[in-house]
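run.cif follows; it contains mmCIF, C-alpha atoms.
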data_protein
#
loop_
_atom_site.group_PDB
_atom_site.id
_atom_site.type_symbol
_atom_site.label_atom_id
_atom_site.label_comp_id
_atom_site.auth_asym_id
_atom_site.auth_seq_id
_atom_site.Cartn_x
_atom_site.Cartn_y
_atom_site.Cartn_z
ATOM 1 C CA MET A 1 0.000 0.000 0.000
ATOM 2 C CA GLU A 2 1.043 3.581 -0.629
ATOM 3 C CA PRO A 3 2.279 5.298 2.549
ATOM 4 C CA ALA A 4 -0.748 7.397 3.454
ATOM 5 C CA LEU A 5 -3.461 7.936 6.031
ATOM 6 C CA TYR A 6 -6.524 6.002 4.871
ATOM 7 C CA VAL A 7 -9.720 7.411 6.398
ATOM 8 C CA VAL A 8 -11.990 4.365 6.398
ATOM 9 C CA ALA A 9 -15.776 4.410 6.877
ATOM 10 C CA THR A 10 -17.101 1.462 8.882
ATOM 11 C CA PRO A 11 -20.620 0.119 9.556
ATOM 12 C CA ILE A 12 -23.033 2.118 11.715
ATOM 13 C CA GLY A 13 -24.672 -1.080 12.926
ATOM 14 C CA ASN A 14 -24.842 -4.108 10.676
ATOM 15 C CA LEU A 15 -21.279 -5.397 10.360
ATOM 16 C CA ARG A 16 -21.846 -6.381 6.726
ATOM 17 C CA ASP A 17 -22.347 -2.739 5.726
ATOM 18 C CA ILE A 18 -18.696 -2.278 4.799
ATOM 19 C CA THR A 19 -17.149 -2.000 1.364
ATOM 20 C CA LEU A 20 -14.799 -4.527 -0.172
ATOM 21 C CA ARG A 21 -12.224 -1.775 -0.579
ATOM 22 C CA ALA A 22 -12.450 -0.909 3.128
ATOM 23 C CA LEU A 23 -11.789 -4.540 4.037
ATOM 24 C CA ASP A 24 -8.806 -4.621 1.678
ATOM 25 C CA VAL A 25 -7.338 -1.501 3.290
ATOM 26 C CA LEU A 26 -7.901 -2.713 6.853
ATOM 27 C CA ALA A 27 -6.258 -6.040 6.023
ATOM 28 C CA ALA A 28 -3.227 -4.532 4.281
ATOM 29 C CA ALA A 29 -2.445 -1.412 6.345
ATOM 30 C CA ASN A 30 0.622 -1.546 8.560
ATOM 31 C CA VAL A 31 -1.340 0.031 11.432
ATOM 32 C CA VAL A 32 -5.070 0.416 12.139
ATOM 33 C CA ALA A 33 -5.759 3.498 14.252
ATOM 34 C CA ALA A 34 -9.118 3.233 16.012
ATOM 35 C CA GLU A 35 -11.323 5.409 18.206
ATOM 36 C CA ASP A 36 -12.045 2.364 20.388
ATOM 37 C CA THR A 37 -9.729 -0.580 19.814
ATOM 38 C CA ARG A 38 -12.233 -3.011 21.390
ATOM 39 C CA ASN A 39 -14.990 -2.113 18.931
ATOM 40 C CA THR A 40 -12.622 -2.230 15.985
ATOM 41 C CA ALA A 41 -11.122 -5.551 17.108
ATOM 42 C CA HIS A 42 -14.640 -7.020 17.037
ATOM 43 C CA LEU A 43 -15.196 -5.679 13.497
ATOM 44 C CA LEU A 44 -11.855 -6.987 12.237
ATOM 45 C CA THR A 45 -12.317 -10.396 13.815
ATOM 46 C CA HIS A 46 -15.797 -10.674 12.326
ATOM 47 C CA HIS A 47 -14.283 -10.214 8.864
ATOM 48 C CA GLY A 48 -11.293 -12.486 9.483
ATOM 49 C CA ILE A 49 -8.712 -9.693 9.764
ATOM 50 C CA SER A 50 -5.955 -9.737 12.368
ATOM 51 C CA ALA A 51 -6.463 -7.199 15.162
ATOM 52 C CA SER A 52 -2.802 -7.211 16.234
ATOM 53 C CA ARG A 53 -1.930 -3.889 14.567
ATOM 54 C CA LEU A 54 -4.314 -1.626 16.497
ATOM 55 C CA MET A 55 -3.502 1.707 18.131
ATOM 56 C CA ALA A 56 -5.922 4.030 19.937
ATOM 57 C CA VAL A 57 -6.749 7.448 18.513
ATOM 58 C CA HIS A 58 -9.658 9.229 20.209
ATOM 59 C CA GLN A 59 -10.764 12.724 21.180
ATOM 60 C CA HIS A 60 -8.558 12.770 24.291
ATOM 61 C CA ASN A 61 -5.273 11.826 22.595
ATOM 62 C CA GLU A 62 -5.835 12.823 18.972
ATOM 63 C CA ARG A 63 -3.166 15.541 18.806
ATOM 64 C CA GLY A 64 -0.470 13.386 20.381
ATOM 65 C CA ALA A 65 -1.440 10.350 18.332
ATOM 66 C CA ALA A 66 -1.251 12.446 15.168
ATOM 67 C CA GLU A 67 2.475 12.998 15.777
ATOM 68 C CA LYS A 68 3.058 9.247 16.096
ATOM 69 C CA ILE A 69 1.088 8.558 12.919
ATOM 70 C CA ILE A 70 3.000 11.215 10.990
ATOM 71 C CA THR A 71 6.238 9.528 12.067
ATOM 72 C CA LEU A 72 4.909 6.187 10.799
ATOM 73 C CA LEU A 73 3.893 7.694 7.466
ATOM 74 C CA GLN A 74 7.248 9.408 7.031
ATOM 75 C CA ALA A 75 8.884 6.009 7.629
ATOM 76 C CA GLY A 76 6.935 4.606 4.666
ATOM 77 C CA GLN A 77 4.156 2.839 6.537
ATOM 78 C CA SER A 78 0.434 2.948 5.834
ATOM 79 C CA VAL A 79 -2.162 3.774 8.500
ATOM 80 C CA ALA A 80 -5.913 3.119 8.307
ATOM 81 C CA PHE A 81 -8.022 5.260 10.638
ATOM 82 C CA VAL A 82 -11.537 4.272 11.755
ATOM 83 C CA SER A 83 -13.996 5.721 14.253
ATOM 84 C CA ASP A 84 -16.472 3.607 16.221
ATOM 85 C CA ALA A 85 -19.059 3.745 13.444
ATOM 86 C CA GLY A 86 -19.675 5.528 10.172
ATOM 87 C CA THR A 87 -17.372 8.037 8.517
ATOM 88 C CA PRO A 88 -14.523 9.442 10.658
ATOM 89 C CA ALA A 89 -14.329 13.202 11.275
ATOM 90 C CA VAL A 90 -18.124 13.589 10.838
ATOM 91 C CA SER A 91 -19.255 14.191 14.443
ATOM 92 C CA ASP A 92 -16.456 11.779 15.329
ATOM 93 C CA PRO A 93 -12.694 12.091 15.950
ATOM 94 C CA GLY A 94 -10.479 12.402 12.906
ATOM 95 C CA ALA A 95 -10.525 16.017 11.750
ATOM 96 C CA LEU A 96 -7.490 17.025 13.829
ATOM 97 C CA LEU A 97 -5.591 13.956 12.688
ATOM 98 C CA VAL A 98 -6.339 14.624 9.027
ATOM 99 C CA GLN A 99 -5.397 18.284 9.431
ATOM 100 C CA ALA A 100 -2.060 17.396 10.994
ATOM 101 C CA VAL A 101 -1.215 14.812 8.321
ATOM 102 C CA LEU A 102 -2.036 17.242 5.520
ATOM 103 C CA ALA A 103 -0.011 19.991 7.211
ATOM 104 C CA ALA A 104 2.967 17.608 7.240
ATOM 105 C CA GLY A 105 2.698 17.314 3.461
ATOM 106 C CA LEU A 106 1.527 13.707 3.574
ATOM 107 C CA ARG A 107 -1.319 12.091 1.679
ATOM 108 C CA VAL A 108 -4.813 11.389 3.027
ATOM 109 C CA ILE A 109 -6.955 8.890 1.104
ATOM 110 C CA PRO A 110 -10.702 8.622 1.903
ATOM 111 C CA ILE A 111 -12.340 5.186 1.777
ATOM 112 C CA PRO A 112 -16.077 5.985 1.602
ATOM 113 C CA GLY A 113 -18.888 4.009 3.135
ATOM 114 C CA ALA A 114 -21.653 4.187 5.734
ATOM 115 C CA ASN A 115 -22.823 7.507 7.189
ATOM 116 C CA ALA A 116 -25.745 7.743 9.620
ATOM 117 C CA ALA A 117 -27.011 11.148 8.455
ATOM 118 C CA VAL A 118 -27.139 10.236 4.765
ATOM 119 C CA THR A 119 -28.598 6.812 5.529
ATOM 120 C CA ALA A 120 -31.430 8.412 7.508
ATOM 121 C CA LEU A 121 -32.053 11.015 4.810
ATOM 122 C CA SER A 122 -32.440 8.297 2.193
ATOM 123 C CA ALA A 123 -35.367 6.764 4.097
ATOM 124 C CA ALA A 124 -36.916 9.940 5.535
ATOM 125 C CA GLY A 125 -39.228 10.897 2.690
ATOM 126 C CA LEU A 126 -38.447 14.608 3.078
ATOM 127 C CA THR A 127 -38.461 16.068 -0.419
ATOM 128 C CA CYS A 128 -36.325 19.184 0.073
ATOM 129 C CA PRO A 129 -33.245 18.658 -2.170
ATOM 130 C CA HIS A 130 -30.941 20.432 0.303
ATOM 131 C CA PHE A 131 -30.057 19.719 3.907
ATOM 132 C CA LEU A 132 -28.016 21.247 6.709
ATOM 133 C CA PHE A 133 -26.075 18.718 8.775
ATOM 134 C CA TYR A 134 -25.568 20.117 12.270
ATOM 135 C CA GLY A 135 -24.609 17.000 14.216
ATOM 136 C CA PHE A 136 -24.975 17.079 18.000
ATOM 137 C CA LEU A 137 -26.827 20.018 19.561
ATOM 138 C CA PRO A 138 -25.616 21.397 22.933
ATOM 139 C CA ASN A 139 -26.362 19.222 25.966
ATOM 140 C CA LYS A 140 -28.134 21.924 27.993
ATOM 141 C CA SER A 141 -31.589 23.151 27.057
ATOM 142 C CA ALA A 142 -30.786 26.884 27.188
ATOM 143 C CA ALA A 143 -27.794 26.535 24.865
ATOM 144 C CA ARG A 144 -29.725 24.149 22.621
ATOM 145 C CA ARG A 145 -32.587 26.636 22.269
ATOM 146 C CA THR A 146 -30.135 29.412 21.410
ATOM 147 C CA VAL A 147 -28.738 27.331 18.541
ATOM 148 C CA LEU A 148 -32.239 26.422 17.349
ATOM 149 C CA GLN A 149 -33.213 30.105 17.316
ATOM 150 C CA GLU A 150 -30.364 30.676 14.866
ATOM 151 C CA LEU A 151 -31.610 27.802 12.683
ATOM 152 C CA CYS A 152 -35.349 28.473 12.885
ATOM 153 C CA GLY A 153 -35.537 30.383 9.602
ATOM 154 C CA ASP A 154 -33.338 28.003 7.602
ATOM 155 C CA PRO A 155 -35.307 26.552 4.649
ATOM 156 C CA HIS A 156 -33.244 23.344 4.434
ATOM 157 C CA THR A 157 -33.924 20.006 6.083
ATOM 158 C CA LEU A 158 -32.119 20.085 9.442
ATOM 159 C CA VAL A 159 -30.154 16.978 10.442
ATOM 160 C CA PHE A 160 -29.074 16.341 14.031
ATOM 161 C CA TYR A 161 -27.566 13.497 16.037
ATOM 162 C CA GLU A 162 -28.899 12.869 19.542
ATOM 163 C CA ALA A 163 -28.230 10.527 22.444
ATOM 164 C CA PRO A 164 -31.035 8.466 23.991
ATOM 165 C CA HIS A 165 -30.983 10.168 27.398
ATOM 166 C CA ARG A 166 -31.558 13.592 25.792
ATOM 167 C CA ILE A 167 -33.966 12.724 22.995
ATOM 168 C CA VAL A 168 -37.213 13.664 24.802
ATOM 169 C CA GLU A 169 -36.042 17.080 25.985
ATOM 170 C CA CYS A 170 -34.401 17.717 22.614
ATOM 171 C CA VAL A 171 -37.669 17.047 20.789
ATOM 172 C CA ALA A 172 -39.498 19.345 23.230
ATOM 173 C CA ASP A 173 -37.051 22.154 22.442
ATOM 174 C CA LEU A 174 -37.350 21.521 18.690
ATOM 175 C CA CYS A 175 -41.117 21.875 18.938
ATOM 176 C CA ALA A 176 -40.955 25.020 21.103
ATOM 177 C CA ILE A 177 -38.489 26.859 18.872
ATOM 178 C CA LEU A 178 -39.108 25.573 15.333
ATOM 179 C CA GLY A 179 -42.876 25.275 15.601
ATOM 180 C CA GLU A 180 -45.241 22.363 16.083
ATOM 181 C CA ASP A 181 -46.314 22.081 12.425
ATOM 182 C CA ARG A 182 -42.980 20.997 10.971
ATOM 183 C CA ARG A 183 -42.347 17.348 10.081
ATOM 184 C CA ILE A 184 -39.852 15.392 12.145
ATOM 185 C CA VAL A 185 -38.255 12.054 11.338
ATOM 186 C CA LEU A 186 -36.850 10.071 14.252
ATOM 187 C CA ALA A 187 -34.428 7.479 12.881
ATOM 188 C CA ARG A 188 -33.364 5.178 15.705
ATOM 189 C CA GLU A 189 -30.853 2.324 15.711
ATOM 190 C CA ILE A 190 -30.354 2.527 11.935
ATOM 191 C CA THR A 191 -29.296 -0.814 10.352
ATOM 192 C CA LYS A 192 -29.568 -2.563 13.750
ATOM 193 C CA LEU A 193 -32.056 -5.128 15.041
ATOM 194 C CA PHE A 194 -34.538 -2.611 16.466
ATOM 195 C CA GLU A 195 -34.311 -0.039 13.681
ATOM 196 C CA THR A 196 -37.214 2.428 13.785
ATOM 197 C CA ILE A 197 -37.921 5.311 11.401
ATOM 198 C CA HIS A 198 -40.933 7.322 12.563
ATOM 199 C CA THR A 199 -42.363 10.435 10.892
ATOM 200 C CA CYS A 200 -44.899 12.795 12.446
ATOM 201 C CA PRO A 201 -45.639 16.500 13.056
ATOM 202 C CA LEU A 202 -43.345 17.956 15.700
ATOM 203 C CA ARG A 203 -46.331 18.468 17.982
ATOM 204 C CA ASP A 204 -46.788 14.685 18.277
ATOM 205 C CA ALA A 205 -43.157 13.584 18.603
ATOM 206 C CA GLU A 206 -42.706 13.925 22.366
ATOM 207 C CA ALA A 207 -45.897 11.989 23.112
ATOM 208 C CA TRP A 208 -44.831 9.225 20.723
ATOM 209 C CA LEU A 209 -41.500 8.865 22.513
ATOM 210 C CA LEU A 210 -43.086 8.877 25.968
ATOM 211 C CA ALA A 211 -45.704 6.280 24.998
ATOM 212 C CA ASP A 212 -43.046 3.581 24.674
ATOM 213 C CA GLY A 213 -39.806 3.730 26.638
ATOM 214 C CA ASN A 214 -38.178 1.368 24.133
ATOM 215 C CA GLN A 215 -38.389 4.121 21.514
ATOM 216 C CA GLN A 216 -36.085 6.255 23.663
ATOM 217 C CA ARG A 217 -33.213 3.772 23.390
ATOM 218 C CA GLY A 218 -30.282 3.741 20.997
ATOM 219 C CA GLU A 219 -28.630 6.392 18.887
ATOM 220 C CA PHE A 220 -30.823 8.836 16.968
ATOM 221 C CA VAL A 221 -30.642 10.760 13.735
ATOM 222 C CA VAL A 222 -33.257 13.520 13.941
ATOM 223 C CA LEU A 223 -34.429 15.225 10.761
ATOM 224 C CA VAL A 224 -36.723 18.258 10.742
ATOM 225 C CA SER A 225 -38.286 19.845 7.676
ATOM 226 C CA GLY A 226 -37.021 23.332 6.866
ATOM 227 C CA ALA A 227 -38.774 26.613 7.472
ATOM 228 C CA PRO A 228 -41.544 27.519 5.013
ATOM 229 C CA PRO A 229 -40.295 29.695 2.104
ATOM 230 C CA GLN A 230 -41.656 32.912 3.577
ATOM 231 C CA ALA A 231 -39.953 32.295 6.918
ATOM 232 C CA GLY A 232 -36.765 31.467 5.077
ATOM 233 C CA LEU A 233 -36.673 35.013 3.758
ATOM 234 C CA LEU A 234 -36.672 36.380 7.329
ATOM 235 C CA VAL A 235 -33.544 34.657 8.618
ATOM 236 C CA GLU A 236 -31.530 37.864 9.006
ATOM 237 C CA THR A 237 -34.491 39.686 10.540
ATOM 238 C CA LEU A 238 -35.098 36.929 13.087
ATOM 239 C CA ASN A 239 -31.410 36.781 13.955
ATOM 240 C CA THR A 240 -31.361 40.544 14.505
ATOM 241 C CA LEU A 241 -34.446 40.354 16.699
ATOM 242 C CA SER A 242 -33.005 37.469 18.693
ATOM 243 C CA LEU A 243 -29.748 39.315 19.339
ATOM 244 C CA LEU A 244 -31.511 42.502 20.422
ATOM 245 C CA LEU A 245 -33.866 40.602 22.723
ATOM 246 C CA GLY A 246 -30.816 39.388 24.559
ATOM 247 C CA GLU A 247 -29.754 42.961 25.314
ATOM 248 C CA LEU A 248 -32.924 45.112 25.396
ATOM 249 C CA PRO A 249 -36.497 45.036 26.705
ATOM 250 C CA LEU A 250 -38.946 43.428 24.286
ATOM 251 C CA LYS A 251 -40.572 46.648 23.057
ATOM 252 C CA GLN A 252 -37.253 48.349 22.357
ATOM 253 C CA ALA A 253 -35.887 45.268 20.617
ATOM 254 C CA VAL A 254 -38.936 45.154 18.329
ATOM 255 C CA GLN A 255 -38.773 48.865 17.501
ATOM 256 C CA LEU A 256 -35.067 48.777 16.723
ATOM 257 C CA THR A 257 -35.393 45.612 14.622
ATOM 258 C CA ALA A 258 -38.184 47.246 12.606
ATOM 259 C CA LYS A 259 -35.987 50.276 11.938
ATOM 260 C CA ILE A 260 -32.984 48.164 10.945
ATOM 261 C CA THR A 261 -34.784 45.652 8.729
ATOM 262 C CA GLY A 262 -37.963 47.415 7.605
ATOM 263 C CA ALA A 263 -40.033 44.454 8.784
ATOM 264 C CA ASN A 264 -43.608 44.838 10.011
ATOM 265 C CA ARG A 265 -43.622 45.880 13.668
ATOM 266 C CA ASN A 266 -46.720 43.880 14.611
ATOM 267 C CA GLU A 267 -45.306 40.687 13.105
ATOM 268 C CA LEU A 268 -42.013 41.299 14.881
ATOM 269 C CA TYR A 269 -43.839 41.812 18.174
ATOM 270 C CA GLN A 270 -45.650 38.473 17.856
ATOM 271 C CA GLN A 271 -42.392 36.750 16.960
ATOM 272 C CA ALA A 272 -40.650 38.378 19.906
ATOM 273 C CA LEU A 273 -43.345 37.089 22.268
ATOM 274 C CA GLN A 274 -42.826 33.552 20.929
ATOM 275 C CA MET A 275 -39.081 33.851 21.420
ATOM 276 C CA LYS A 276 -39.507 35.096 24.991
ATOM 277 C CA ASN A 277 -41.991 32.351 25.855
ATOM 278 C CA ALA A 278 -39.572 29.787 24.430
ATOM 279 C CA GLY A 279 -36.828 31.061 26.699
#
As structure tokens, please, write out the structure in this file.
Amino acid sequence: MEPALYVVATPIGNLRDITLRALDVLAAANVVAAEDTRNTAHLLTHHGISASRLMAVHQHNERGAAEKIITLLQAGQSVAFVSDAGTPAVSDPGALLVQAVLAAGLRVIPIPGANAAVTALSAAGLTCPHFLFYGFLPNKSAARRTVLQELCGDPHTLVFYEAPHRIVECVADLCAILGEDRRIVLAREITKLFETIHTCPLRDAEAWLLADGNQQRGEFVVLVSGAPPQAGLLVETLNTLSLLLGELPLKQAVQLTAKITGANRNELYQQALQMKNAG
């Protein structure tokens, strides 16, 4: 193999969802760098590949590990990098490693494959041709709602990742900020035994989750339809209003936003009330 860092996508659940090329690279590389060596050892063993060449590269040691990998590459060795599941560096470790290898003038070769966001989109039935991949929202509700305020006017399908212990409160915040009429797709445990892909209006999502505790388990991809076209035109206005509400009383924020943007004052006032009520 050519001395290079091979960024290898691995299955997000079903261990057979891996490309032939990925298996070739994992079998032939001098070193396999893995986010969790235990998970990767299981994958390699399943496909009959020796797990004796593993080294750990995760979010806590990525910078230091990058130096070791650069040394290996400069010595003419090949390194395959995998995260726990899916495509590395997409809401997973890997970006710092790739950056460091490129900065050292060495080659990075992507080996494409499974990706949870794209897999969920393919089965979501949302017809907007464009999407915004955000990944994980903040853990705390206040910070999460602040981010959602910034996204509320975006006309594209919004794609998030979420952990099981936060999914209910996340859905509640999505409904409060983005509006109860939007469509949401909850894609849970994709490609695994208990895969579930549920679509409903945002207003019904929290109740659906609470009705069956089993539907709160596993890793989630959450997709939400974009803002209606008219709302999409108001992104800058809404952002201005949101910023001013953080610094001024409601009435002043509305008046100043109207002067800056030329938007209707009554509509701005109603929007400001919704923002305040949503926290």
Determine the residue set returned by the PyMOL selection byres ((chain A and resi 111) around 9) for the present structure, and present it as a ChimeraX atom specification. /A:6-9,19,21-22,25,87,109-110,112-113
What gap, in Å, lies between CA of Arg203 (chain A) and CA of Pro228 (chain A)?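 Going from CA of Arg203 (chain A) over to CA of Pro228 (chain A), I get 16.5 Å.
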The PyMOL selection byres ((chain A and resi 191) around 6) resolved against shown file, as a PyMOL selection string: chain A and resi 13-14+190+192
Taking all listed atoms of region 46-63 of chain A, build the axis-aligned box, pad each of the six sides by 3 Å, then write its centre and edge lengths in Å to one decimal as JSON.
{"center_x": -8.9, "center_y": 1.5, "center_z": 16.6, "size_x": 19.9, "size_y": 34.0, "size_z": 21.4}
Give me the residues of region 96-185 of chain A that have any atom at most 10 Å from an atom of region 240-263 of chain A; for each, the nearest atom pair and the distance in Å, rounded to one decimal. Use all atoms listed in the file, sort by chain and number, and format it as CSV.
residue,atom,partner,partner_atom,distance
A:Thr146,CA,A:Ser242,CA,9.0
A:Gln149,CA,A:Ser242,CA,7.5
A:Glu150,CA,A:Ser242,CA,8.2
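Residue selection for this entry, given the PyMOL selection byres ((chain A and resi 68) around 12), comprises Val31, Ala33, Met55, Ala56, Val57, Asn61, Glu62, Arg63, Gly64, Ala65, Ala66, Glu67, Ile69, Ile70, Thr71, Leu72, Leu73, Gln74, Ala75, Gln77, Val79, Leu97, Ala100 and Val101 of chain A.
Minimum atom-to-atom distance to Leu148 (chain A), evaluated using all atoms listed in the file, belongs to A:Leu238 out of A:Leu238, A:Val185, A:Ala124, A:Cys200.
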Kindly provide, as a list in words, the polymer residues lying within 12 Å of (-45.4, 20.4, 11.3), counting all atoms listed in the file and using the coordinates exactly as they appear in the file.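 Residues satisfying the cut-off, written out: Leu174, Cys175, Ala176, Leu178, Gly179, Glu180, Asp181, Arg182, Arg183, Ile184, Val185, Thr199, Cys200, Pro201, Leu202, Arg203, Asp204, Ala205, Val224, Ser225, Gly226, Ala227 and Pro228 of chain A.
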Take CA of Leu121 (chain A) and CA of Gly153 (chain A) and report the distance between them in Å, one decimal.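 Interatomic distance, CA of Leu121 (chain A) to CA of Gly153 (chain A): 20.3 Å.
Pairwise distance (CA of Arg144 (chain A), CA of Leu158 (chain A)) equals 14.0 Å.
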All residues 9 Å or closer to Arg166 (chain A), all atoms listed in the file, same chain fewer than 5 positions away omitted, as a PyMOL selection string: chain A and resi 139+171+216
Restricting it to C-alpha atoms, dump the selection as a CSV table (one decimal), keeping the file's coordinate frame.
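Final output, saved to part_21.csv:
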chain,number,residue,atom,x,y,z
A,139,ASN,CA,-26.4,19.2,26.0
A,171,VAL,CA,-37.7,17.0,20.8
A,216,GLN,CA,-36.1,6.3,23.7
Ranking A:Ser122, A:Thr45, A:Gln270, A:Ser50 by minimum distance to Leu223 (chain A) and counting all atoms listed in the file, which one comes first?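 With all atoms listed in the file as the atom set, the closest residue is A:Ser122.
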List the spatial neighbours of Ser52 (chain A) as a PDB file with C-alpha atoms, in the coordinates of the input - criterion: any atom at most 10 Å away, all atoms listed in the file, same-chain residues fewer than 6 positions off excluded.
ATOM      1  CA  VAL A  31      -1.340   0.031  11.432  1.00  0.00           C
ATOM      2  CA  VAL A  32      -5.070   0.416  12.139  1.00  0.00           C
ATOM      3  CA  ALA A  41     -11.122  -5.551  17.108  1.00  0.00           C
ATOM      4  CA  LEU A  44     -11.855  -6.987  12.237  1.00  0.00           C
TER       5      LEU A  44
END
If you count all atoms listed in the file, which residues fall within 6 Å of region 187-189 of chain A, apart from same-chain ones fewer than 2 positions away, as a ChimeraX atom specification? /A:192,195-197,218-221
